[in-house]
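Enquirer: Supplied structure: target_4.txt, compact mmCIF, C-alpha atoms.
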```
# COMPACT_ATOMS: atom_id res chain seq x y z
CA MET A 546 68.51 107.54 87.76
CA LYS A 547 69.93 104.87 90.03
CA SER A 548 67.62 102.14 91.27
CA ALA A 549 67.40 101.05 94.90
CA LEU A 550 68.95 97.76 95.90
CA ALA A 551 67.87 95.12 98.41
CA VAL A 552 70.73 93.21 100.02
CA GLU A 553 70.62 89.61 101.18
CA MET A 554 73.39 87.31 102.37
CA LYS A 555 73.31 83.54 102.04
CA GLY A 556 76.38 81.60 103.08
CA ASN A 557 79.33 83.12 101.26
CA GLN A 558 77.14 85.02 98.78
CA THR A 559 75.99 88.63 98.84
CA ILE A 560 72.88 89.01 96.67
CA LEU A 561 71.76 92.40 95.34
CA THR A 562 68.26 92.76 93.92
CA ASP A 563 67.02 95.84 92.03
CA VAL A 564 63.93 97.17 93.79
CA ASP A 565 62.20 98.31 90.60
CA ASP A 566 60.33 96.80 87.68
CA THR A 567 63.31 94.75 86.48
CA LYS A 568 63.89 92.88 89.77
CA GLN A 569 67.33 91.98 88.45
CA VAL A 570 69.28 89.73 90.82
CA ARG A 571 73.05 90.04 91.07
CA PRO A 572 74.82 87.42 93.24
CA TYR A 573 78.45 87.94 94.29
CA THR A 574 80.50 85.12 95.82
CA PHE A 575 83.27 85.67 98.38
CA ASP A 576 85.29 83.53 100.77
CA HIS A 577 83.03 84.86 103.53
CA SER A 578 80.00 87.13 103.54
CA PHE A 579 78.95 88.64 106.89
CA TRP A 580 75.76 90.50 107.81
CA SER A 581 76.00 93.15 110.56
CA HIS A 582 73.25 95.65 109.75
CA ASP A 583 70.58 94.43 112.15
CA GLY A 584 69.40 91.36 114.04
CA PHE A 585 71.53 91.99 117.14
CA LYS A 586 71.17 92.97 120.79
CA GLU A 587 73.59 94.01 123.51
CA ASP A 588 74.36 91.58 126.30
CA ALA A 589 75.01 92.57 129.91
CA ASN A 590 78.60 93.56 129.01
CA GLY A 591 77.59 95.75 126.05
CA VAL A 592 78.73 93.20 123.47
CA CYS A 593 76.58 92.92 120.34
CA VAL A 594 75.29 89.38 119.85
CA PRO A 595 72.60 87.82 117.60
CA SER A 596 69.14 88.73 118.87
CA SER A 597 67.78 85.22 118.26
CA SER A 598 68.87 81.75 117.18
CA SER A 599 67.64 82.51 113.66
CA SER A 600 69.45 85.86 113.35
CA LYS A 601 72.04 86.11 110.59
CA TYR A 602 73.98 88.81 112.47
CA ALA A 603 77.75 88.26 112.45
CA SER A 604 79.26 89.26 115.80
CA GLN A 605 82.83 90.40 116.28
CA GLN A 606 83.59 86.99 117.79
CA MET A 607 82.24 85.23 114.70
CA VAL A 608 84.34 87.37 112.35
CA TYR A 609 87.42 86.72 114.47
CA ASP A 610 86.74 82.98 114.57
CA GLU A 611 86.41 82.88 110.78
CA LEU A 612 89.39 85.10 109.91
CA GLY A 613 91.59 86.02 112.86
CA VAL A 614 92.15 82.53 114.25
CA SER A 615 93.53 81.16 110.97
CA VAL A 616 96.02 84.05 110.77
CA LEU A 617 97.15 83.42 114.33
CA ASN A 618 97.47 79.67 113.73
CA SER A 619 99.71 80.37 110.73
CA ALA A 620 101.90 82.66 112.82
CA TRP A 621 102.19 80.01 115.54
CA ALA A 622 103.40 77.57 112.90
CA GLY A 623 106.20 79.99 111.99
CA TYR A 624 104.77 81.76 108.95
CA HIS A 625 104.66 85.48 108.27
CA CYS A 626 101.06 86.53 107.66
CA CYS A 627 98.93 89.56 106.90
CA LEU A 628 95.24 90.44 107.18
CA PHE A 629 93.92 93.72 105.85
CA ALA A 630 90.53 95.45 105.66
CA TYR A 631 89.67 97.22 102.40
CA GLY A 632 86.52 99.06 101.39
CA GLN A 633 84.46 102.23 101.31
CA THR A 634 84.49 104.80 104.11
CA GLY A 635 81.90 103.86 106.73
CA ALA A 636 81.80 100.20 105.68
CA GLY A 637 83.12 99.02 109.06
CA LYS A 638 86.82 98.38 108.39
CA SER A 639 88.10 99.97 111.60
CA TYR A 640 85.23 98.45 113.56
CA SER A 641 86.12 94.97 112.32
CA MET A 642 89.87 95.41 112.81
CA VAL A 643 90.00 97.53 116.00
CA GLY A 644 86.45 97.50 117.35
CA TYR A 645 84.63 99.98 119.54
CA GLY A 646 83.94 99.87 123.27
CA ALA A 647 83.12 96.37 124.48
CA ASN A 648 83.01 95.09 120.90
CA LYS A 649 86.69 94.34 120.37
CA GLY A 650 87.95 93.80 116.83
CA ILE A 651 90.36 91.32 115.28
CA VAL A 652 93.52 93.18 116.40
CA PRO A 653 92.88 93.24 120.18
CA MET A 654 91.27 89.79 120.11
CA SER A 655 94.35 88.37 118.37
CA CYS A 656 96.64 90.01 120.91
CA ASN A 657 94.59 88.58 123.77
CA GLU A 658 94.75 85.11 122.21
CA ILE A 659 98.54 85.33 121.80
CA PHE A 660 99.06 85.81 125.52
CA ARG A 661 96.41 83.25 126.40
CA ARG A 662 98.34 80.65 124.39
CA ILE A 663 101.64 81.76 125.91
CA GLY A 664 100.10 81.39 129.37
CA GLU A 665 99.21 77.77 128.60
CA ASN A 666 102.82 76.84 127.80
CA THR A 667 104.20 74.20 130.20
CA ASP A 668 107.48 73.50 128.40
CA PRO A 669 110.39 74.93 130.47
CA ASN A 670 112.61 74.88 127.37
CA LEU A 671 110.25 77.08 125.37
CA GLU A 672 109.81 80.81 125.82
CA TYR A 673 108.23 83.61 123.86
CA ASP A 674 109.06 87.20 122.95
CA VAL A 675 106.35 89.52 121.64
CA VAL A 676 107.16 92.89 120.06
CA VAL A 677 104.52 95.34 118.79
CA SER A 678 104.71 98.32 116.44
CA MET A 679 102.18 100.64 114.77
CA LEU A 680 102.59 102.70 111.60
CA GLU A 681 100.36 104.84 109.46
CA ILE A 682 100.74 105.86 105.82
CA TYR A 683 99.23 109.28 105.18
CA ASN A 684 99.82 111.58 102.20
CA GLU A 685 102.47 109.09 100.99
CA LYS A 686 104.44 109.52 104.21
CA ILE A 687 105.10 106.82 106.80
CA GLN A 688 104.77 107.87 110.42
CA ASP A 689 105.24 105.96 113.68
CA LEU A 690 102.00 105.96 115.67
CA LEU A 691 103.91 105.17 118.87
CA THR A 692 105.81 108.46 118.54
CA PRO A 693 103.97 111.65 119.61
CA PRO A 694 102.99 113.75 116.54
CA MET A 695 105.14 116.72 117.60
CA LYS A 696 108.27 114.51 117.70
CA ARG A 697 107.85 112.89 114.27
CA PRO A 698 110.15 113.76 111.34
CA THR A 699 108.50 116.13 108.86
CA GLY A 700 109.24 113.96 105.86
CA GLY A 701 108.20 110.75 107.53
CA LEU A 702 110.18 107.54 107.98
CA GLU A 703 112.14 105.82 105.21
CA VAL A 704 111.68 102.30 103.89
CA ARG A 705 114.97 100.44 103.56
CA GLU A 706 116.19 96.92 102.84
CA ALA A 707 118.84 94.82 104.57
CA LYS A 708 120.30 91.50 103.42
CA ASP A 709 119.56 89.70 106.67
CA THR A 710 116.18 91.19 107.66
CA GLY A 711 114.69 92.27 104.33
CA VAL A 712 112.50 95.37 103.98
CA TYR A 713 112.07 97.48 107.11
CA VAL A 714 111.12 101.00 108.22
CA ALA A 715 114.12 102.90 109.58
CA GLY A 716 113.55 104.62 112.92
CA GLN A 717 110.37 102.74 113.73
CA MET A 718 109.68 102.22 117.43
CA LYS A 719 109.12 98.62 118.54
CA CYS A 720 107.97 97.78 122.05
CA LYS A 721 108.48 94.47 123.79
CA VAL A 722 105.38 93.44 125.73
CA THR A 723 104.78 90.69 128.27
CA SER A 724 101.01 90.81 128.75
CA PHE A 725 97.78 91.67 126.99
CA GLU A 726 97.38 94.68 129.28
CA GLU A 727 100.70 96.10 128.07
CA ILE A 728 99.98 95.57 124.38
CA SER A 729 96.45 96.96 124.82
CA GLN A 730 97.82 100.13 126.40
CA ILE A 731 100.33 100.61 123.57
CA MET A 732 97.67 100.02 120.93
CA ASP A 733 95.33 102.55 122.56
CA GLN A 734 98.17 105.08 122.38
CA GLY A 735 98.75 104.35 118.71
CA ILE A 736 95.06 104.44 117.81
CA GLY A 737 94.77 107.81 119.56
CA ASN A 738 97.58 109.17 117.36
CA ARG A 739 95.93 108.19 114.07
CA THR A 740 95.08 110.81 111.48
CA ILE A 741 91.29 111.03 111.40
CA GLY A 742 88.76 113.62 110.33
CA ALA A 743 85.14 114.06 109.38
CA THR A 744 84.05 113.37 105.81
CA LEU A 745 80.66 113.48 104.11
CA MET A 746 80.49 109.69 104.53
CA ASN A 747 81.94 109.16 108.00
CA ALA A 748 82.23 111.56 110.94
CA THR A 749 85.38 109.88 112.30
CA SER A 750 86.98 108.56 109.14
CA SER A 751 90.50 107.19 109.31
CA ARG A 752 92.35 109.20 106.66
CA ALA A 753 95.41 106.94 106.68
CA HIS A 754 96.38 103.31 106.29
CA THR A 755 97.16 101.84 109.71
CA VAL A 756 99.55 98.89 110.07
CA THR A 757 99.80 97.03 113.37
CA GLY A 758 102.83 94.75 113.45
CA ILE A 759 103.32 91.91 115.93
CA GLU A 760 106.59 89.99 116.00
CA LEU A 761 106.27 86.61 117.68
CA ARG A 762 109.51 84.83 118.57
CA GLN A 763 109.38 81.26 119.86
CA LEU A 764 112.71 80.38 121.49
CA SER A 765 113.43 76.70 122.12
CA HIS A 766 116.41 75.71 124.27
CA ALA A 767 118.07 72.31 123.88
CA GLY A 768 121.63 71.03 124.28
CA GLY A 769 122.96 74.44 125.19
CA LYS A 770 121.66 75.92 121.95
CA THR A 771 118.67 78.14 121.22
CA GLY A 772 116.47 77.85 118.16
CA VAL A 773 114.33 80.80 117.10
CA LYS A 774 111.08 80.65 115.15
CA LEU A 775 110.08 84.16 114.04
CA SER A 776 106.64 85.10 112.76
CA CYS A 777 105.60 88.60 111.73
CA ILE A 778 101.88 89.35 111.84
CA TYR A 779 100.62 92.46 110.04
CA LEU A 780 97.06 93.62 110.65
CA VAL A 781 96.18 96.44 108.26
CA ASP A 782 93.26 98.88 108.38
CA LEU A 783 93.25 100.65 105.01
CA ALA A 784 91.79 104.11 104.47
CA GLY A 785 88.52 104.43 102.52
CA SER A 786 88.74 103.21 98.93
CA GLU A 787 86.27 105.63 97.34
CA LYS A 788 87.15 108.76 95.38
CA ALA A 789 87.93 111.77 97.55
CA GLY A 790 85.28 113.83 95.77
CA LYS A 791 82.53 111.67 97.22
CA THR A 792 83.71 112.14 100.79
CA GLY A 793 84.49 115.84 100.78
CA ALA A 794 87.81 114.97 102.46
CA THR A 795 90.83 117.19 102.16
CA GLY A 796 94.37 116.28 103.22
CA ASP A 797 97.01 118.26 105.03
CA PRO A 798 99.71 119.62 102.68
```
For this file, write the structure as structure tokens.
Expert:
Amino acid sequence: MKSALAVEMKGNQTILTDVDDTKQVRPYTFDHSFWSHDGFKEDANGVCVPSSSSSKYASQQMVYDELGVSVLNSAWAGYHCCLFAYGQTGAGKSYSMVGYGANKGIVPMSCNEIFRRIGENTDPNLEYDVVVSMLEIYNEKIQDLLTPPMKRPTGGLEVREAKDTGVYVAGQMKCKVTSFEEISQIMDQGIGNRTIGATLMNATSSRAHTVTGIELRQLSHAGGKTGVKLSCIYLVDLAGSEKAGKTGATGDP
């Protein structure tokens, strides 16, 4: 018989306590440990915020400030970077990465910040190009989420490697965007094309791994020459990590 557990979060620790005669305490230490079960209220815009100054609730903005900003700063410095969400179905991976309603996740908040920073540029010799793509990996097949399902190849897309660009997905659609509104519209299209379905653990479970790619090119012009600083940002929402038998999920052949 499994015992019940009480959960507490202190700083970067998640502490589990057996609610039985043993009262055994099991602390686990992470880089960050966020609480989002309760202790929140909705503001006038429908955004969930801490219900009081003493609440330990971690809002979407707090999670983004702790994780998303550092990824974006690395990209701005010219590094390739990746952030992915991993865990059990229903744990909040898609909510943290994509968000729901007014509570935007790390992906749209990062995209908004990219164009906010671009808008603050006052250097006439510096310009930016932003290209977005979205893929999913489902049943070991790679599909382009920006391509309508009926137009996708049956066997999926192929992963290839080139000497100059490295590993890439052949046939993947990439869209150049010039504003947050454009990238938001494209992302909504991709999210709507994801493979989802009800499981015993989540009514709208994402059955596939979703990879949002953002290519940021910073072009500097000087002396008749152009220098390019390329950063690739990959934001990954993985499918549930538990055994399929626990979810009751079945995949398409």
Enquirer: I want to know what sits within 12 Å of region 573-577 of chain A, based on only C-alpha atoms, with residues of the same chain fewer than 6 positions away left out; could you give that as a list in words?
Expert: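 Returned residues: Val552, Glu553, Met554, Lys555, Gly556, Asn557, Gln558, Thr559, Ile560, Leu561, Thr562, Ala603, Met607, Val608, Tyr609, Asp610, Glu611 and Leu612 of chain A.
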Enquirer: Using only C-alpha atoms, find the one residue out of A:Phe725, A:Tyr631, A:Tyr713, A:Tyr673 that sits nearest to Gly785 (chain A).
Expert: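 Answer, going by the shortest atom-to-atom distance: A:Tyr631.
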Enquirer: What is the CA of Val676 (chain A)-CA of Gly637 (chain A) distance in Å, reported with one decimal?
Expert: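 Interatomic distance, CA of Val676 (chain A) to CA of Gly637 (chain A): 27.1 Å.
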Enquirer: Between A:Ser598, A:Ser678, A:Asn670, A:Thr699, which residue has the minimum interatomic distance to Val722 (chain A), considering only C-alpha atoms?
Expert: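 Result for the nearest residue to Val722 (chain A): A:Ser678.
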Enquirer: Taking all atoms listed in the file into account, which of A:Ser600, A:Ser619, A:Thr757, A:Pro572 comes nearest Gly584 (chain A)?
Expert: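 That would be A:Ser600, the residue with the smallest distance to Gly584 (chain A).
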Enquirer: Could you tell me how far CA of Ser596 (chain A) lies from CA of Trp580 (chain A), in Å and to one decimal?
Expert: 13.0 Å
Enquirer: Find the distance between CA of Glu726 (chain A) and CA of Asn657 (chain A) and write it in Å to one decimal.
Expert: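 Separation between CA of Glu726 (chain A) and CA of Asn657 (chain A): 8.7 Å.
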Enquirer: Closest to Val616 (chain A) among A:Cys593, A:Val712, A:Val677, A:Val652, using all atoms listed in the file?
Expert: A:Val652
Enquirer: Can you work out which one of A:Thr723, A:Ile736, A:Ile731, A:Leu761 has the shortest atom-to-atom distance to Gly664 (chain A), counting all atoms listed in the file?
Expert: A:Thr723
Enquirer: Using all atoms listed in the file, can you tell me which of A:Phe579, A:Gly737, A:Met718, A:His754 comes closest to Tyr602 (chain A)?
Expert: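 Nearest candidate to Tyr602 (chain A) out of A:Phe579, A:Gly737, A:Met718, A:His754: A:Phe579.
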Enquirer: Can you tell me, as a list in words, what residues are no more than 8 Å from Val592 (chain A) when counting all atoms listed in the file, ignoring any on the same chain fewer than 5 positions away?
Expert: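 The neighbour list is Glu587, Ala647 and Asn648 of chain A.
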Enquirer: I need the residues from that last selection saved to file as a JSON list (two decimals), in the coordinates of the input (with C-alpha atoms), if you can.
Expert:
```
[["chain", "number", "residue", "atom", "x", "y", "z"],
["A", 587, "GLU", "CA", 73.59, 94.01, 123.51],
["A", 647, "ALA", "CA", 83.12, 96.37, 124.48],
["A", 648, "ASN", "CA", 83.01, 95.09, 120.90]]
```
Enquirer: Quick one: residues within 8 Å of region 623-625 of chain A, all atoms listed in the file, excluding same-chain residues fewer than 5 positions away - as an MDAnalysis selection string?
Expert: chainID A and resid 774:778
Enquirer: Considering only C-alpha atoms, return as a PyMOL selection string whatever protein or nucleic-acid residues lie within 7 Å of Ser641 (chain A), sequence-local ones (same chain, fewer than 2 positions apart) excluded.
Expert: chain A and resi 605+637-639+643-644+650-651
